[in-house]
Amino acid sequence: MYDLLFLVFALPLAGFLILAFGRGRLGENGAAAVGVGSVGGAALVTAGLVAQFLGHPPDGGAYTQVLWDWMKVGGFTPHFALRLDGLSLTMLGVITGVGFMIHLFASWYMRGDDGYSRFFSYMNLFVASMVFLVLGDNLLFLYFGWEGVGLCSFLLIGFWYKDAANGSAARKAFIVTRVGDTFMAIGLFWLFRSLGTLDIQQVLQLAPQAFDSESGRQAVRGIALLLLGGAVGKSAQLPLQTWLPDAMAGPTPVSALIHAATMVTAGVYLIARTHVLFELAPDVQHLVGVVGAVTLLLAGFTALVQTDIKRVLAYSTMSQIGYMFLALGAGAWSAAIFHLMTHAFFKALLFLSAGAVILACHHEQDIRKMGGLRKTLPLAFWCFVVGGGALAAVPYITAGFYSKDEILWQAYAGGHMDLFLAGLFGALLTSIYTTRLILVVFFGEEKTHAHAGHGVSYWLPLAVLLVLSTFVGGLIHPPLEGVLPAAPGEGGGAAQLGIEALSGSVAIGGILVTALVYFTRPRALLALAQAPAAQAVRRFWFSAFGFDWLYDRLLVRPFFWLVRVCSGDLFDQAIGTIPELLRHANVLSTRTQTGRMRWYAASFAAGAVLIVAAVMFRG
């Protein structure tokens, strides 16, 4: 079965090529068969790999499939090779398994769209790029997949390109993530200069000894910072987080794929895969946790006041990725990947059920225009209840509780009290905004006439993801032993149970308080909310703490001003004088070519005198 590893990458890539060269001639049924079937085939191969890996693990705990040599330049000989270990296998399960459910749902959701075939070609390429990213045994090829998902995100966010706002959102995502990608590329150059290789296993083996000196510690600190720059770009963490909410311009299945199974998880995977470099730079590793903690709090406050159903979920993704960064910074490597997996289950469920709500409400996304939908959309309602419960980490019955509790416990056990307290407060914010979303959309007065969806491709993905978002998903433990370092606080006993009780109480308390406020609507609280100061705070939170405003004035407007200057008449005239000056300079220089040897000799002598005089003057 290991010999079929390349099919996990090849099948979605083949689907992309068939759909791209088919140019819409396959029809909707044919496009769905190719688009969904290729990812389904990759998911089946992955399931076979999981069964064999768990039953008969490869020698050394990893299997490498070398397809061909790419180049040989001096000592740089990267292989086009795929590496399967517990970490990449876990990622494959998320990408192909959850990705298949999203593709299947999209075959229902996108019916009737003019770009149906084009949509699935982009989605297949997205999956292929992400698979290549996690299977590449070399950081160079990981970077190829990294750039591939960036390209696909641009194509899919701007899929409905006739709307100028969608094109703007796509460009924003592409440009902001390119900033992080540039940092990452510089980090890879520096890493290769220091170690002479980009092979991941060789990097992990050579790094401890190579960076053992004072200069080496400075170098690894710089490399880790640059890799962190790449990670915050792809995973939408501070300060490169502004692209993610605007990415909601794409079709809802795209949002599900970006947020649950592919792009935003790439930064978490990169840091976990290169964990040795961050362990050698402990201050940078702690910075990873701080970035995650600040991002999860910022996103939590912002989600409290959003009115677009998809933007609430977008900020919740930003917050949950922040939990994963927090875990990485606290040394809870396995807990971060565990939460990545469970988050994929419930976030895909929430986005797909949000898509069902949006279609049922005639493409309405404003939650203030919804309400009372639990009777007309019962499946979507229960998907939100279970998925929202997992997001809020309702104790013991949802998947999110098991992974989030593991993060909080290990942060506490490792002595990272700042990260632990931030994570605990973030859990309270999560339970509040999640409960608010469910109550506003599904309870109260019905403001929009909705119609429920139907068909296997509608209900089957939701049903499967709903089951995985319960404790069933929490019982799936990624095979990460031997791939990632052991975390602090293994087998915590009574202390761990105490943290579980505390985090569970916070989640339940947030839900109960929010429900009480929603149903009773106390006058004092409503009056306080209408106060000018409270409204100002609300506007500040609604703007995501003003980062877009700040970047617009610091970066965007000066750039456009420069463009206007460069495209103006005055600049054109100034540029136009350059050829004239060069022409006159050419005329003057040609007049010195007289053919008289005495003139040339005198010129040489004068030049020599000037050079000697200049040297003596400097001396």
# chains A, B, ... in the order shown; residues from 1 in each chain; ligands from 1
>>> select_by_dssp(residues="range 189-228 of chain A", states="helix (DSSP H, G or I)", output="PyMOL selection string")
chain A and resi 189-195+200-210+214-228
>>> residues_around(residues="Gln52 in chain A", least_positions_apart="6", cutoff="10 Å", atoms="only C-alpha atoms", output="number ranges by chain")
A: 1-2, 46, 58
>>> write_last_selection(atoms="C-alpha atoms", output="compact mmCIF listing (two decimals), in the first residue's frame")
# COMPACT_ATOMS: atom_id res chain seq x y z
CA MET A 1 0.00 0.00 0.00
CA TYR A 2 2.89 2.36 0.71
CA THR A 46 -5.27 7.54 2.54
CA PRO A 58 7.27 1.15 8.21
>>> atom_distance(atom1="CA of Gly355 in chain A", atom2="CA of Lys404 in chain A")
25.8 Å
>>> residues_around(residues="range 117-127 of chain A", least_positions_apart="3", cutoff="6 Å", atoms="only C-alpha atoms", output="PDB file with N, CA, C and O atoms, in the first residue's frame")
ATOM      1  N   PRO A  12      -5.880  14.008  -7.289  1.00  0.00           N
ATOM      2  CA  PRO A  12      -6.438  15.368  -7.406  1.00  0.00           C
ATOM      3  C   PRO A  12      -5.782  16.183  -8.520  1.00  0.00           C
ATOM      4  O   PRO A  12      -6.460  16.977  -9.177  1.00  0.00           O
ATOM      5  N   LEU A  13      -4.471  15.983  -8.739  1.00  0.00           N
ATOM      6  CA  LEU A  13      -3.797  16.704  -9.811  1.00  0.00           C
ATOM      7  C   LEU A  13      -4.343  16.282 -11.167  1.00  0.00           C
ATOM      8  O   LEU A  13      -4.570  17.126 -12.052  1.00  0.00           O
ATOM      9  N   PHE A  16      -7.653  17.928 -11.679  1.00  0.00           N
ATOM     10  CA  PHE A  16      -7.477  19.319 -12.110  1.00  0.00           C
ATOM     11  C   PHE A  16      -7.167  19.393 -13.603  1.00  0.00           C
ATOM     12  O   PHE A  16      -7.768  20.214 -14.331  1.00  0.00           O
ATOM     13  N   LEU A  19     -10.267  18.548 -15.788  1.00  0.00           N
ATOM     14  CA  LEU A  19     -11.271  19.612 -15.754  1.00  0.00           C
ATOM     15  C   LEU A  19     -10.764  20.884 -16.429  1.00  0.00           C
ATOM     16  O   LEU A  19     -11.535  21.589 -17.102  1.00  0.00           O
ATOM     17  N   ALA A  20      -9.472  21.168 -16.249  1.00  0.00           N
ATOM     18  CA  ALA A  20      -8.924  22.391 -16.845  1.00  0.00           C
ATOM     19  C   ALA A  20      -8.901  22.304 -18.365  1.00  0.00           C
ATOM     20  O   ALA A  20      -9.294  23.246 -19.067  1.00  0.00           O
ATOM     21  N   GLY A  24     -15.080  22.954 -19.466  1.00  0.00           N
ATOM     22  CA  GLY A  24     -16.522  22.974 -19.269  1.00  0.00           C
ATOM     23  C   GLY A  24     -17.313  22.062 -20.176  1.00  0.00           C
ATOM     24  O   GLY A  24     -18.561  22.070 -20.137  1.00  0.00           O
ATOM     25  N   ALA A  31     -18.319  16.908 -14.473  1.00  0.00           N
ATOM     26  CA  ALA A  31     -17.377  17.688 -13.660  1.00  0.00           C
ATOM     27  C   ALA A  31     -17.430  17.248 -12.204  1.00  0.00           C
ATOM     28  O   ALA A  31     -16.395  17.140 -11.527  1.00  0.00           O
ATOM     29  N   GLY A  35     -14.304  15.848 -10.274  1.00  0.00           N
ATOM     30  CA  GLY A  35     -13.852  16.676  -9.156  1.00  0.00           C
ATOM     31  C   GLY A  35     -14.006  15.991  -7.818  1.00  0.00           C
ATOM     32  O   GLY A  35     -13.066  15.969  -7.000  1.00  0.00           O
ATOM     33  N   MET A 130      -1.921  21.134  -1.347  1.00  0.00           N
ATOM     34  CA  MET A 130      -1.798  20.928   0.100  1.00  0.00           C
ATOM     35  C   MET A 130      -1.215  19.554   0.402  1.00  0.00           C
ATOM     36  O   MET A 130      -0.405  19.408   1.343  1.00  0.00           O
ATOM     37  N   VAL A 149      -0.947  26.498  -2.730  1.00  0.00           N
ATOM     38  CA  VAL A 149      -2.193  26.797  -2.017  1.00  0.00           C
ATOM     39  C   VAL A 149      -2.472  28.292  -2.016  1.00  0.00           C
ATOM     40  O   VAL A 149      -3.629  28.723  -2.027  1.00  0.00           O
ATOM     41  N   CYS A 152      -4.075  28.950  -5.409  1.00  0.00           N
ATOM     42  CA  CYS A 152      -5.450  28.426  -5.450  1.00  0.00           C
ATOM     43  C   CYS A 152      -6.389  29.257  -4.596  1.00  0.00           C
ATOM     44  O   CYS A 152      -7.564  29.436  -4.948  1.00  0.00           O
TER      45      CYS A 152
END
>>> residues_around(residues="range 329-342 of chain A", least_positions_apart="4", cutoff="8 Å", atoms="only C-alpha atoms", output="ChimeraX atom specification")
/A:90-91,94,265,268-269,272,285-290,321,323-325,346,399-400,403-404,406-407,410-411,414,416,419,468-469,473-474,477-478,480,484-488
>>> write_last_selection(atoms="N, CA and C atoms", output="tab-separated table (two decimals), in the first residue's frame")
chain	number	residue	atom	x	y	z
A	90	THR	N	-1.51	12.13	9.50
A	90	THR	CA	-2.62	12.85	10.13
A	90	THR	C	-3.12	13.97	9.23
A	91	MET	N	-2.19	14.72	8.68
A	91	MET	CA	-2.57	15.81	7.78
A	91	MET	C	-3.27	15.28	6.54
A	94	VAL	N	-6.88	14.56	7.26
A	94	VAL	CA	-7.68	15.78	7.32
A	94	VAL	C	-7.92	16.34	5.92
A	265	THR	N	-4.12	25.87	8.03
A	265	THR	CA	-3.40	24.91	8.87
A	265	THR	C	-1.94	24.75	8.45
A	268	VAL	N	0.68	26.05	10.99
A	268	VAL	CA	0.80	25.16	12.15
A	268	VAL	C	1.66	23.96	11.79
A	269	TYR	N	1.40	23.38	10.61
A	269	TYR	CA	2.19	22.23	10.16
A	269	TYR	C	3.66	22.60	10.00
A	272	ALA	N	5.34	22.83	13.40
A	272	ALA	CA	5.46	21.50	14.01
A	272	ALA	C	6.50	20.67	13.27
A	285	GLN	N	10.12	30.46	20.17
A	285	GLN	CA	9.04	29.51	20.41
A	285	GLN	C	7.98	30.12	21.33
A	286	HIS	N	8.43	30.81	22.37
A	286	HIS	CA	7.45	31.46	23.26
A	286	HIS	C	6.70	32.57	22.51
A	287	LEU	N	7.39	33.25	21.60
A	287	LEU	CA	6.74	34.28	20.79
A	287	LEU	C	5.63	33.67	19.95
A	288	VAL	N	5.82	32.44	19.47
A	288	VAL	CA	4.77	31.74	18.73
A	288	VAL	C	3.51	31.65	19.60
A	289	GLY	N	3.69	31.25	20.86
A	289	GLY	CA	2.56	31.15	21.77
A	289	GLY	C	1.91	32.49	22.05
A	290	VAL	N	2.72	33.54	22.21
A	290	VAL	CA	2.18	34.87	22.48
A	290	VAL	C	1.38	35.37	21.28
A	321	ILE	N	-7.02	28.79	15.34
A	321	ILE	CA	-5.63	28.67	14.90
A	321	ILE	C	-4.72	29.30	15.94
A	323	TYR	N	-5.21	29.14	19.10
A	323	TYR	CA	-5.01	28.09	20.10
A	323	TYR	C	-3.90	27.14	19.69
A	324	MET	N	-3.85	26.80	18.41
A	324	MET	CA	-2.80	25.89	17.94
A	324	MET	C	-1.43	26.53	18.06
A	325	PHE	N	-1.31	27.81	17.73
A	325	PHE	CA	-0.03	28.51	17.92
A	325	PHE	C	0.32	28.59	19.40
A	346	PHE	N	-15.22	20.07	13.09
A	346	PHE	CA	-16.36	20.93	13.44
A	346	PHE	C	-16.39	22.23	12.65
A	399	ALA	N	-15.93	16.93	20.30
A	399	ALA	CA	-14.53	16.68	19.97
A	399	ALA	C	-13.64	17.83	20.40
A	400	GLY	N	-14.15	19.06	20.27
A	400	GLY	CA	-13.33	20.22	20.59
A	400	GLY	C	-12.88	20.27	22.03
A	403	SER	N	-9.43	18.20	22.61
A	403	SER	CA	-8.19	18.80	22.10
A	403	SER	C	-7.90	20.14	22.79
A	404	LYS	N	-8.92	20.95	23.01
A	404	LYS	CA	-8.69	22.25	23.65
A	404	LYS	C	-8.26	22.05	25.11
A	406	GLU	N	-6.61	19.58	26.25
A	406	GLU	CA	-5.21	19.11	26.23
A	406	GLU	C	-4.26	20.29	26.10
A	407	ILE	N	-4.62	21.26	25.28
A	407	ILE	CA	-3.78	22.46	25.12
A	407	ILE	C	-3.70	23.24	26.42
A	410	GLN	N	-1.60	21.32	29.12
A	410	GLN	CA	-0.17	21.29	28.88
A	410	GLN	C	0.46	22.68	29.00
A	411	ALA	N	-0.28	23.72	28.66
A	411	ALA	CA	0.24	25.07	28.90
A	411	ALA	C	0.38	25.32	30.40
A	414	GLY	N	3.27	23.14	31.81
A	414	GLY	CA	4.58	23.62	31.39
A	414	GLY	C	4.98	24.94	32.02
A	416	HIS	N	3.46	27.86	31.64
A	416	HIS	CA	3.16	29.02	30.79
A	416	HIS	C	1.82	29.63	31.24
A	419	LEU	N	0.00	32.07	28.85
A	419	LEU	CA	-0.70	31.41	27.76
A	419	LEU	C	-1.93	30.67	28.26
A	468	LEU	N	-18.35	13.14	13.61
A	468	LEU	CA	-16.94	13.35	13.93
A	468	LEU	C	-16.75	14.54	14.88
A	469	SER	N	-17.71	15.44	14.93
A	469	SER	CA	-17.60	16.60	15.82
A	469	SER	C	-18.02	16.27	17.25
A	473	GLY	N	-14.99	12.01	17.37
A	473	GLY	CA	-13.78	12.63	16.85
A	473	GLY	C	-12.71	12.81	17.89
A	474	GLY	N	-13.13	13.05	19.14
A	474	GLY	CA	-12.17	13.22	20.22
A	474	GLY	C	-11.45	11.94	20.60
A	477	HIS	N	-6.91	9.58	18.01
A	477	HIS	CA	-5.65	10.17	18.44
A	477	HIS	C	-4.60	10.02	17.33
A	478	PRO	N	-4.06	11.12	16.84
A	478	PRO	CA	-3.06	11.06	15.77
A	478	PRO	C	-1.83	10.27	16.21
A	480	LEU	N	1.43	10.36	16.57
A	480	LEU	CA	2.53	11.34	16.54
A	480	LEU	C	3.70	10.96	17.42
A	484	LEU	N	6.93	13.97	17.02
A	484	LEU	CA	6.98	15.22	17.75
A	484	LEU	C	7.40	14.95	19.19
A	485	PRO	N	8.05	15.91	19.83
A	485	PRO	CA	8.51	15.70	21.21
A	485	PRO	C	7.35	15.53	22.17
A	486	ALA	N	7.62	14.80	23.25
A	486	ALA	CA	6.61	14.64	24.30
A	486	ALA	C	6.36	15.98	24.97
A	487	ALA	N	5.12	16.20	25.37
A	487	ALA	CA	4.73	17.47	25.98
A	487	ALA	C	4.80	17.37	27.50
A	488	PRO	N	4.87	18.52	28.19
A	488	PRO	CA	4.85	18.49	29.66
A	488	PRO	C	3.48	18.07	30.18
>>> select_by_dssp(residues="range 62-134 of chain A", states="strand (DSSP E)", output="PyMOL selection string")
chain A and resi 63-69+79-84
>>> residues_around(residues="range 293-308 of chain A", least_positions_apart="2", cutoff="8 Å", atoms="only C-alpha atoms", output="JSON, numbers by chain")
{"A": [237, 238, 289, 290, 291, 310, 311, 312, 313, 315, 316, 318, 319, 320, 321, 322, 323, 325, 326, 365, 366, 367, 368, 419, 422, 423, 425, 426, 429, 430, 432, 433, 436, 538, 541, 542, 543, 544, 545]}
>>> decode(residues="range 292-311 of chain A", atoms="C-alpha atoms", output="PDB file, in the first residue's frame")
ATOM      1  CA  GLY A 292      -1.426  32.812  19.101  1.00  0.00           C
ATOM      2  CA  ALA A 293      -2.751  34.041  22.446  1.00  0.00           C
ATOM      3  CA  VAL A 294      -3.117  37.655  21.311  1.00  0.00           C
ATOM      4  CA  THR A 295      -4.715  36.589  18.036  1.00  0.00           C
ATOM      5  CA  LEU A 296      -7.260  34.313  19.701  1.00  0.00           C
ATOM      6  CA  LEU A 297      -8.332  37.124  22.048  1.00  0.00           C
ATOM      7  CA  LEU A 298      -8.504  39.750  19.313  1.00  0.00           C
ATOM      8  CA  ALA A 299     -10.509  37.429  17.065  1.00  0.00           C
ATOM      9  CA  GLY A 300     -12.789  36.435  19.946  1.00  0.00           C
ATOM     10  CA  PHE A 301     -13.722  40.020  20.765  1.00  0.00           C
ATOM     11  CA  THR A 302     -14.259  40.759  17.069  1.00  0.00           C
ATOM     12  CA  ALA A 303     -16.511  37.736  16.577  1.00  0.00           C
ATOM     13  CA  LEU A 304     -18.763  38.944  19.417  1.00  0.00           C
ATOM     14  CA  VAL A 305     -20.146  41.818  17.332  1.00  0.00           C
ATOM     15  CA  GLN A 306     -20.108  40.514  13.739  1.00  0.00           C
ATOM     16  CA  THR A 307     -23.393  40.323  11.836  1.00  0.00           C
ATOM     17  CA  ASP A 308     -22.315  38.249   8.814  1.00  0.00           C
ATOM     18  CA  ILE A 309     -22.678  34.525   9.528  1.00  0.00           C
ATOM     19  CA  LYS A 310     -19.527  33.624   7.586  1.00  0.00           C
ATOM     20  CA  ARG A 311     -17.421  36.376   9.160  1.00  0.00           C
TER      21      ARG A 311
END
